[in-house]
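The file model-v1.txt comes next; it holds compact mmCIF, C-alpha atoms.
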# COMPACT_ATOMS: atom_id res chain seq x y z
CA MET A 522 49.16 62.58 78.95
CA SER A 523 52.22 62.48 81.21
CA PHE A 524 52.74 64.78 84.15
CA ILE A 525 55.56 67.31 83.79
CA THR A 526 57.13 68.60 87.01
CA LEU A 527 59.27 71.68 87.49
CA THR A 528 62.09 72.02 90.04
CA THR A 529 64.10 75.23 89.80
CA ASP A 530 65.88 77.98 91.69
CA PHE A 531 63.96 80.66 89.75
CA GLY A 532 61.78 81.87 92.62
CA THR A 533 58.30 83.15 91.82
CA ARG A 534 58.86 86.90 91.59
CA ASP A 535 60.23 86.98 88.05
CA HIS A 536 58.78 85.86 84.73
CA PHE A 537 60.81 82.66 84.37
CA VAL A 538 58.34 80.11 85.76
CA GLY A 539 55.42 81.61 83.87
CA ALA A 540 57.40 81.60 80.63
CA VAL A 541 58.34 77.94 81.02
CA LYS A 542 54.75 76.92 81.72
CA GLY A 543 53.51 78.95 78.79
CA ALA A 544 56.01 77.26 76.48
CA ILE A 545 54.86 73.83 77.66
CA TYR A 546 51.20 74.67 77.11
CA SER A 547 52.04 76.02 73.65
CA GLU A 548 53.50 72.60 72.81
CA LEU A 549 50.99 70.51 74.77
CA ALA A 550 47.73 72.30 75.48
CA ASP A 551 46.48 69.53 77.78
CA ALA A 552 49.73 69.14 79.72
CA LYS A 553 49.58 68.51 83.46
CA ILE A 554 52.25 70.67 85.07
CA VAL A 555 53.16 70.37 88.75
CA ASP A 556 55.55 72.70 90.59
CA ILE A 557 57.74 70.72 92.98
CA THR A 558 59.53 73.89 94.07
CA HIS A 559 61.02 77.06 92.62
CA HIS A 560 62.75 78.03 95.86
CA ILE A 561 65.93 75.97 95.68
CA SER A 562 68.81 78.05 97.02
CA PRO A 563 70.52 79.54 93.94
CA PHE A 564 72.78 76.98 92.21
CA ASN A 565 72.50 74.54 95.14
CA ILE A 566 72.88 71.14 93.48
CA THR A 567 72.89 69.12 96.71
CA GLU A 568 69.63 70.68 97.89
CA THR A 569 68.09 69.97 94.49
CA ALA A 570 69.20 66.33 94.62
CA TYR A 571 67.62 65.85 98.05
CA ILE A 572 64.30 67.38 97.03
CA LEU A 573 64.16 65.38 93.79
CA LYS A 574 64.93 62.11 95.52
CA ASN A 575 62.13 62.63 98.00
CA SER A 576 59.46 63.89 95.62
CA TYR A 577 59.68 62.08 92.29
CA LYS A 578 58.40 58.71 93.56
CA SER A 579 55.07 60.26 94.54
CA PHE A 580 54.28 60.85 90.88
CA PRO A 581 52.94 58.24 88.44
CA GLU A 582 55.38 56.26 86.33
CA GLY A 583 56.18 58.04 83.11
CA THR A 584 56.30 61.48 84.74
CA ILE A 585 58.82 63.87 83.17
CA HIS A 586 60.84 65.99 85.60
CA ILE A 587 62.37 69.22 84.31
CA VAL A 588 65.19 70.38 86.59
CA GLY A 589 66.44 73.93 86.17
CA VAL A 590 69.28 74.54 88.61
CA ASP A 591 72.74 75.54 87.33
CA SER A 592 71.56 74.60 83.85
CA GLU A 593 73.58 76.87 81.57
CA LEU A 594 75.28 74.79 78.89
CA SER A 595 79.07 74.44 78.89
CA ASP A 596 81.69 71.81 78.09
CA GLU A 597 81.63 70.80 81.75
CA ASN A 598 77.88 71.09 82.21
CA LYS A 599 76.13 69.25 79.42
CA HIS A 600 72.39 68.73 79.07
CA ILE A 601 71.11 65.21 79.54
CA ALA A 602 67.87 63.26 79.58
CA ILE A 603 67.62 60.18 81.79
CA GLU A 604 65.15 57.35 82.10
CA LEU A 605 65.35 56.04 85.66
CA ASP A 606 62.90 54.07 87.79
CA ASN A 607 60.26 54.49 85.06
CA HIS A 608 60.56 58.28 85.29
CA PHE A 609 62.27 60.77 82.98
CA PHE A 610 64.58 63.58 84.05
CA VAL A 611 65.65 66.45 81.80
CA CYS A 612 68.46 68.25 83.55
CA PRO A 613 72.04 69.50 83.48
CA ASP A 614 74.78 66.93 83.99
CA ASN A 615 76.11 68.59 87.14
CA GLY A 616 75.52 65.89 89.75
CA ILE A 617 71.85 66.68 90.40
CA ILE A 618 70.84 63.09 89.63
CA SER A 619 73.47 61.57 91.98
CA MET A 620 71.27 60.98 95.02
CA ILE A 621 68.58 59.13 93.06
CA ALA A 622 71.01 57.17 90.90
CA SER A 623 73.13 56.08 93.87
CA GLU A 624 70.56 53.36 94.59
CA ILE A 625 68.79 52.89 91.23
CA GLN A 626 70.72 52.54 87.99
CA PRO A 627 69.41 54.59 85.05
CA THR A 628 67.81 52.59 82.25
CA ARG A 629 69.09 55.03 79.64
CA ILE A 630 71.04 58.30 79.55
CA VAL A 631 71.43 60.54 76.52
CA GLU A 632 73.38 63.73 76.00
CA ILE A 633 71.02 66.09 74.25
CA ASN A 634 72.23 66.25 70.67
CA ILE A 635 74.13 69.29 69.42
CA HIS A 636 71.75 69.48 66.46
CA THR A 637 68.67 69.72 68.68
CA ARG A 638 70.03 71.87 71.48
CA VAL A 639 70.01 75.64 71.37
CA GLU A 640 72.74 77.93 72.65
CA SER A 641 70.76 79.91 75.20
CA SER A 642 71.01 81.76 78.47
CA PHE A 643 67.63 80.25 79.36
CA PRO A 644 68.01 76.55 78.49
CA VAL A 645 65.09 75.40 80.62
CA LEU A 646 62.79 77.38 78.33
CA ASP A 647 64.61 76.87 75.02
CA VAL A 648 65.84 73.27 75.38
CA PHE A 649 64.36 71.38 78.31
CA VAL A 650 60.75 72.23 77.42
CA GLN A 651 61.23 70.91 73.87
CA VAL A 652 62.79 67.69 75.13
CA ALA A 653 60.14 67.13 77.82
CA CYS A 654 57.29 67.66 75.36
CA PHE A 655 58.93 65.29 72.88
CA ILE A 656 59.12 62.59 75.55
CA ALA A 657 55.53 63.30 76.61
CA ARG A 658 54.41 62.58 73.06
CA GLY A 659 56.03 59.16 73.29
CA GLY A 660 59.35 60.06 71.67
CA ASN A 661 62.39 57.83 72.16
CA LEU A 662 65.34 59.30 74.05
CA THR A 663 67.81 58.14 71.42
CA VAL A 664 66.21 60.51 68.91
CA ILE A 665 67.09 63.60 70.95
CA GLY A 666 70.66 62.67 71.77
CA LYS A 667 73.47 60.19 71.75
CA GLU A 668 73.36 57.48 74.38
CA ILE A 669 76.05 57.73 77.06
CA ARG A 670 76.98 55.46 79.96
CA GLU A 671 78.17 57.89 82.60
CA PHE A 672 76.80 60.93 84.36
CA LYS A 673 78.54 63.34 86.71
CA LYS A 674 78.55 62.10 90.31
CA LEU A 675 78.53 64.50 93.21
CA VAL A 676 80.90 62.99 95.77
CA GLU A 677 79.79 65.21 98.66
CA ILE A 678 76.28 63.76 98.51
CA GLN A 679 77.53 60.34 99.62
CA PRO A 680 78.52 59.81 103.28
CA LYS A 681 81.75 57.96 104.01
CA VAL A 682 82.39 54.93 106.22
CA ASN A 683 85.79 54.35 107.81
CA GLN A 684 87.77 51.19 107.12
CA ASN A 685 86.82 49.28 110.26
CA GLN A 686 83.11 50.15 109.93
CA THR A 687 82.94 52.04 113.24
CA GLN A 688 82.15 55.51 111.93
CA ILE A 689 79.88 57.16 109.37
CA ILE A 690 80.94 60.63 108.30
CA GLY A 691 78.09 62.53 106.74
CA GLY A 692 77.12 66.12 106.32
CA VAL A 693 74.26 68.59 106.12
CA VAL A 694 72.61 68.52 102.69
CA TYR A 695 69.38 70.40 103.36
CA ILE A 696 67.75 72.77 105.84
CA ASP A 697 63.96 72.66 105.75
CA ASN A 698 61.30 75.31 106.32
CA TYR A 699 61.34 74.66 110.09
CA GLY A 700 65.09 75.08 110.31
CA ASN A 701 65.58 71.33 110.79
CA VAL A 702 68.93 70.07 109.54
CA ILE A 703 68.91 67.01 107.25
CA SER A 704 72.00 64.92 106.70
CA ASN A 705 72.92 62.53 103.89
CA ILE A 706 72.99 59.57 106.31
CA SER A 707 70.13 57.21 105.53
CA LYS A 708 68.32 54.86 107.87
CA LYS A 709 69.41 52.03 105.59
CA MET A 710 73.10 52.91 105.98
CA PHE A 711 72.70 53.37 109.73
CA ASN A 712 71.24 49.87 110.09
CA GLU A 713 73.72 48.21 107.72
CA ILE A 714 76.81 49.74 109.32
CA GLY A 715 75.57 49.93 112.91
CA LYS A 716 74.43 46.29 113.14
CA GLY A 717 72.68 46.97 116.44
CA ARG A 718 75.65 48.60 118.20
CA ASN A 719 75.48 51.58 120.54
CA TYR A 720 76.34 54.90 118.96
CA LYS A 721 76.81 58.57 119.50
CA ILE A 722 75.98 61.27 116.99
CA THR A 723 78.11 64.40 116.86
CA ALA A 724 76.77 67.54 115.23
CA SER A 725 78.82 70.64 115.90
CA ARG A 726 79.48 70.57 119.66
CA TYR A 727 76.31 68.60 120.43
CA LEU A 728 75.98 64.87 121.13
CA PHE A 729 72.97 62.61 120.65
CA THR A 730 72.70 59.02 121.91
CA LYS A 731 69.12 58.33 120.92
CA ILE A 732 67.26 58.53 117.63
CA PHE A 733 63.54 59.10 118.01
CA THR A 734 60.93 57.49 115.79
CA LYS A 735 58.68 60.59 115.76
CA TYR A 736 59.01 64.16 116.97
CA ASN A 737 56.53 64.05 119.87
CA GLU A 738 58.19 60.95 121.32
CA ILE A 739 60.52 63.40 123.08
CA THR A 740 57.65 64.32 125.45
CA GLY A 741 57.39 60.80 126.84
CA ASP A 742 54.33 60.46 129.09
CA ASN A 743 54.03 64.21 129.68
CA SER A 744 51.12 64.71 127.31
CA GLN A 745 49.52 67.32 129.59
CA ASN A 746 52.46 69.73 129.55
CA ILE A 747 54.24 69.34 126.23
CA LYS A 748 55.16 73.02 125.98
CA GLN A 749 58.02 72.43 128.41
CA PHE A 750 59.72 70.46 125.63
CA ASP A 751 59.47 73.23 123.02
CA GLY A 752 62.99 74.07 121.88
CA ASN A 753 64.54 70.73 122.89
CA LYS A 754 66.93 69.23 120.38
CA LEU A 755 66.50 65.71 119.03
CA ALA A 756 67.74 63.33 116.34
CA ILE A 757 65.23 61.51 114.18
CA PHE A 758 65.03 59.63 110.90
CA ASN A 759 62.62 61.79 108.95
CA SER A 760 59.87 60.63 106.62
CA ALA A 761 62.37 60.49 103.76
CA GLY A 762 64.57 58.10 105.75
CA PHE A 763 67.48 60.48 106.44
CA LEU A 764 69.00 61.43 109.78
CA GLU A 765 67.72 64.81 110.87
CA ILE A 766 68.72 67.08 113.73
CA ALA A 767 65.62 68.96 114.81
CA ILE A 768 64.21 71.28 117.44
CA TYR A 769 60.89 70.08 118.87
CA ARG A 770 58.03 72.32 117.70
CA SER A 771 60.53 74.68 116.13
CA ASN A 772 59.38 78.07 114.96
CA LEU A 773 61.96 80.23 113.22
CA LYS A 774 60.33 83.41 114.52
CA THR A 775 60.08 82.40 118.18
CA VAL A 776 61.76 79.18 119.34
CA GLY A 777 64.23 78.97 116.45
CA GLY A 778 65.34 76.01 114.39
CA ALA A 779 68.21 73.56 114.67
CA CYS A 780 70.20 75.47 112.07
CA SER A 781 70.19 78.66 114.12
CA LEU A 782 70.06 77.33 117.70
CA LEU A 783 72.76 74.69 117.15
CA GLY A 784 74.79 76.67 114.65
CA LEU A 785 74.55 74.04 111.92
CA GLU A 786 74.86 74.98 108.27
CA TYR A 787 74.95 73.38 104.84
CA ARG A 788 77.94 71.00 104.46
CA ASP A 789 78.71 70.92 108.20
CA PRO A 790 79.79 67.40 109.29
CA ILE A 791 77.49 65.01 111.13
CA ILE A 792 79.29 61.96 112.47
CA ILE A 793 78.03 58.69 113.92
CA ASP A 794 80.45 56.60 116.01
CA PHE A 795 79.57 52.97 116.81
CA PHE A 796 81.32 51.60 119.87
CA THR A 797 79.69 48.47 121.34
CA GLU A 798 77.70 45.46 120.18
CA SER A 799 74.70 46.48 122.29
CA LYS A 800 71.38 47.38 120.75
CA PRO A 801 70.97 51.19 120.41
CA GLU A 802 67.98 53.17 121.64
CA TYR A 803 66.42 53.16 118.21
CA THR A 804 63.28 51.54 116.93
CA SER A 805 62.91 51.01 113.20
CA LEU A 806 60.32 53.19 111.49
CA SER A 807 59.14 50.26 109.42

As structure tokens:
Amino acid sequence: MSFITLTTDFGTRDHFVGAVKGAIYSELADAKIVDITHHISPFNITETAYILKNSYKSFPEGTIHIVGVDSELSDENKHIAIELDNHFFVCPDNGIISMIASEIQPTRIVEINIHTRVESSFPVLDVFVQVACFIARGGNLTVIGKEIREFKKLVEIQPKVNQNQTQIIGGVVYIDNYGNVISNISKKMFNEIGKGRNYKITASRYLFTKIFTKYNEITGDNSQNIKQFDGNKLAIFNSAGFLEIAIYRSNLKTVGGACSLLGLEYRDPIIIDFFTESKPEYTSLS
């Protein structure tokens, strides 16, 4: 039996998550359901894309991912099912899949057929559950919809590089539970564009000229008195491989996080300028 994951902006106070799980169990009594998160900011497609990209690979191949964010059916927001990287995604065609599919081409995409879809204000329950359970039983995607070649791409998810390859212009795509600010600039892009040159990172009015390999590296050899570094800002490539602006040992109730202390918010620009051929103060995480 395949795993079925749920990623939504429903929260956990209302009945929505319970209803979806109940519907799955009614179809597949032995289903294995895993909550990735139900605390996506309402209708935040970019945040959803980031979380999906960094969670789906941890699941076994064949896992079915139900994504319920901005999922109401319309002419501009169709329902699709995608086979990608040996996983299945049942989701709205609103750009949610962009961050994953920017590096891995889908094997197959179908628009859920008008004869099988239901006009509903709760499509995750009435449509996505049916489709996911059909796939879990071994059903072929082409049975539930017509095959299509394109899906909606979210342009803001992709950072831009200027013409002479001296600047990466990215932006904030996610703010985590610690208040750390995550950009859409990947370690891979940094290495490919930077080519070992010196750099400076600009985030709001703050500059960074070093990218740390782990958070506590900021303390250097001062292992006996690390509290003096609490609240210091740093840049790091996080475990997902994206450039992050963080506050060391941040605590939103006391020290504060990068989002509040540095005044950084969703969609704010983060820019890397490369300006010499010298090797930067950065050691690869690999």

Inset, instruction - Could you please determine the separation between CA of Ser642 (chain A) and CA of Val555 (chain A) in Å, to one decimal place? - result: 23.5 Å

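The spacing separating CA of Leu646 (chain A) from CA of Asn698 (chain A) amounts to 28.1 Å.
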
Inset, instruction - Determine the nearest neighbour of Lys735 (chain A) from the options A:Asn575, A:Ser760, A:Thr567, A:Asn712, counting all atoms listed in the file. - result: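 For Lys735 (chain A), the nearest of the candidates is A:Ser760.
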
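If all atoms listed in the file are the atoms counted, then among A:Ala724, A:Val611, A:Val538, A:Val702 the closest residue to Cys654 (chain A) is A:Val611.
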
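With CA of Val631 (chain A) on one side and CA of Asn607 (chain A) on the other, the separation reads 15.3 Å.
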
Inset, instruction - Considering all atoms listed in the file, state which residue in the set A:Lys542, A:His608, A:Lys708, A:Arg629 is at the smallest distance from Ile689 (chain A). - result: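 Ranking A:Lys542, A:His608, A:Lys708, A:Arg629 by distance to Ile689 (chain A), first place goes to A:Lys708.
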
Selection near region 777-788 of chain A, 9 Å with all atoms listed in the file, sequence-local residues under 3 positions removed, as a PDB file with C-alpha atoms, in the coordinates of the input:
ATOM      1  CA  GLU A 677      79.790  65.210  98.660  1.00  0.00           C
ATOM      2  CA  GLY A 691      78.090  62.530 106.740  1.00  0.00           C
ATOM      3  CA  GLY A 692      77.120  66.120 106.320  1.00  0.00           C
ATOM      4  CA  VAL A 693      74.260  68.590 106.120  1.00  0.00           C
ATOM      5  CA  VAL A 694      72.610  68.520 102.690  1.00  0.00           C
ATOM      6  CA  TYR A 695      69.380  70.400 103.360  1.00  0.00           C
ATOM      7  CA  ILE A 696      67.750  72.770 105.840  1.00  0.00           C
ATOM      8  CA  TYR A 699      61.340  74.660 110.090  1.00  0.00           C
ATOM      9  CA  GLY A 700      65.090  75.080 110.310  1.00  0.00           C
ATOM     10  CA  ASN A 701      65.580  71.330 110.790  1.00  0.00           C
ATOM     11  CA  VAL A 702      68.930  70.070 109.540  1.00  0.00           C
ATOM     12  CA  SER A 704      72.000  64.920 106.700  1.00  0.00           C
ATOM     13  CA  ALA A 724      76.770  67.540 115.230  1.00  0.00           C
ATOM     14  CA  SER A 725      78.820  70.640 115.900  1.00  0.00           C
ATOM     15  CA  ARG A 726      79.480  70.570 119.660  1.00  0.00           C
ATOM     16  CA  TYR A 727      76.310  68.600 120.430  1.00  0.00           C
ATOM     17  CA  GLY A 752      62.990  74.070 121.880  1.00  0.00           C
ATOM     18  CA  LYS A 754      66.930  69.230 120.380  1.00  0.00           C
ATOM     19  CA  ILE A 766      68.720  67.080 113.730  1.00  0.00           C
ATOM     20  CA  ALA A 767      65.620  68.960 114.810  1.00  0.00           C
ATOM     21  CA  ILE A 768      64.210  71.280 117.440  1.00  0.00           C
ATOM     22  CA  TYR A 769      60.890  70.080 118.870  1.00  0.00           C
ATOM     23  CA  ARG A 770      58.030  72.320 117.700  1.00  0.00           C
ATOM     24  CA  SER A 771      60.530  74.680 116.130  1.00  0.00           C
ATOM     25  CA  ASN A 772      59.380  78.070 114.960  1.00  0.00           C
ATOM     26  CA  LEU A 773      61.960  80.230 113.220  1.00  0.00           C
ATOM     27  CA  LYS A 774      60.330  83.410 114.520  1.00  0.00           C
ATOM     28  CA  ILE A 791      77.490  65.010 111.130  1.00  0.00           C
TER      29      ILE A 791
END

Legend entry - Nearby residues (only C-alpha atoms) at most 12 Å from Ile678 (chain A), same-chain spacing under 5 positions excluded, as a VMD selection string: chain A and resid 565 to 571 574 616 to 623 690 to 695 703 to 707 787 to 788 790

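With all atoms listed in the file as the atoms that count, the minimum distance from Lys709 (chain A) to the choices A:Ala761, A:Ala540, A:Leu573, A:Leu527 is reached by A:Ala761.
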
Inset, instruction - Go through A:Phe763, A:Ser579, A:Ala653, A:Tyr720 one by one, measure the shortest atom-to-atom distance of each to Val541 (chain A) using all atoms listed in the file, and give the residue with the smallest value. - result: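 Looking at the shortest contact to Val541 (chain A), the residue is A:Ala653.
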
Inset, instruction - Return the single residue from A:Ala756, A:Ala552, A:Ile722, A:Ile739 that is closest to Ile792 (chain A), with distances computed using only C-alpha atoms. - result: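 Closest candidate: A:Ile722.
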
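Residues in contact range of Leu594 (chain A), defined as at most 8 Å between only C-alpha atoms, with sequence neighbours fewer than 6 positions away removed, read His600, Pro613, Glu640, Ser641 and Pro644 of chain A.
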
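Residues with any atom within 12 Å of the point (64.6, 81.2, 93.6), counting all atoms listed in the file, are Thr528, Thr529, Asp530, Phe531, Gly532, Thr533, Arg534, Asp535, His536, Phe537, Val538, Thr558, His559, His560, Ile561, Ser562, Pro563, Phe564, Asn565, Thr569, Gly589, Val590 and Asp591 of chain A.
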
Could I get region 653-670 of chain A rebuilt with N, CA, C and O atoms, written as a short mmCIF file (atom, residue, chain, number, x, y, z; two decimals), in the frame of the given file?
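For reference, selection_22.cif as written:
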data_model
loop_
_atom_site.label_atom_id
_atom_site.label_comp_id
_atom_site.auth_asym_id
_atom_site.auth_seq_id
_atom_site.Cartn_x
_atom_site.Cartn_y
_atom_site.Cartn_z
N ALA A 653 61.20 67.70 76.98
CA ALA A 653 60.14 67.13 77.82
C ALA A 653 58.88 66.88 77.02
O ALA A 653 58.23 65.83 77.16
N CYS A 654 58.52 67.82 76.16
CA CYS A 654 57.29 67.66 75.36
C CYS A 654 57.46 66.55 74.33
O CYS A 654 56.50 65.81 74.05
N PHE A 655 58.66 66.40 73.80
CA PHE A 655 58.93 65.29 72.88
C PHE A 655 58.74 63.95 73.58
O PHE A 655 58.10 63.03 73.06
N ILE A 656 59.27 63.83 74.78
CA ILE A 656 59.12 62.59 75.55
C ILE A 656 57.65 62.35 75.88
O ILE A 656 57.14 61.23 75.79
N ALA A 657 56.94 63.43 76.25
CA ALA A 657 55.53 63.30 76.61
C ALA A 657 54.69 62.79 75.45
O ALA A 657 53.68 62.11 75.65
N ARG A 658 55.13 63.08 74.23
CA ARG A 658 54.41 62.58 73.06
C ARG A 658 54.76 61.14 72.73
O ARG A 658 54.27 60.59 71.75
N GLY A 659 55.64 60.54 73.52
CA GLY A 659 56.03 59.16 73.29
C GLY A 659 57.34 59.01 72.55
O GLY A 659 57.70 57.90 72.13
N GLY A 660 58.09 60.10 72.39
CA GLY A 660 59.35 60.06 71.67
C GLY A 660 60.43 59.27 72.39
O GLY A 660 60.48 59.23 73.62
N ASN A 661 61.29 58.65 71.63
CA ASN A 661 62.39 57.83 72.16
C ASN A 661 63.58 58.71 72.49
O ASN A 661 63.94 59.61 71.71
N LEU A 662 64.21 58.47 73.62
CA LEU A 662 65.34 59.30 74.05
C LEU A 662 66.47 59.32 73.02
O LEU A 662 67.16 60.33 72.86
N THR A 663 66.68 58.21 72.34
CA THR A 663 67.81 58.14 71.42
C THR A 663 67.65 59.06 70.21
O THR A 663 68.61 59.33 69.49
N VAL A 664 66.44 59.57 70.01
CA VAL A 664 66.21 60.51 68.91
C VAL A 664 66.74 61.90 69.27
O VAL A 664 67.19 62.65 68.40
N ILE A 665 66.70 62.25 70.54
CA ILE A 665 67.09 63.60 70.95
C ILE A 665 68.56 63.71 71.33
O ILE A 665 69.06 64.82 71.55
N GLY A 666 69.26 62.59 71.40
CA GLY A 666 70.66 62.67 71.77
C GLY A 666 71.37 61.35 71.66
O GLY A 666 70.76 60.31 71.45
N LYS A 667 72.66 61.41 71.81
CA LYS A 667 73.47 60.19 71.75
C LYS A 667 73.49 59.52 73.12
O LYS A 667 73.58 60.20 74.17
N GLU A 668 73.39 58.21 73.12
CA GLU A 668 73.36 57.48 74.38
C GLU A 668 74.75 57.49 75.01
O GLU A 668 75.76 57.29 74.34
N ILE A 669 74.80 57.73 76.31
CA ILE A 669 76.05 57.73 77.06
C ILE A 669 75.89 56.80 78.26
O ILE A 669 74.78 56.46 78.66
N ARG A 670 77.00 56.41 78.84
CA ARG A 670 76.98 55.46 79.96
C ARG A 670 77.14 56.14 81.31
O ARG A 670 76.68 55.63 82.33
#
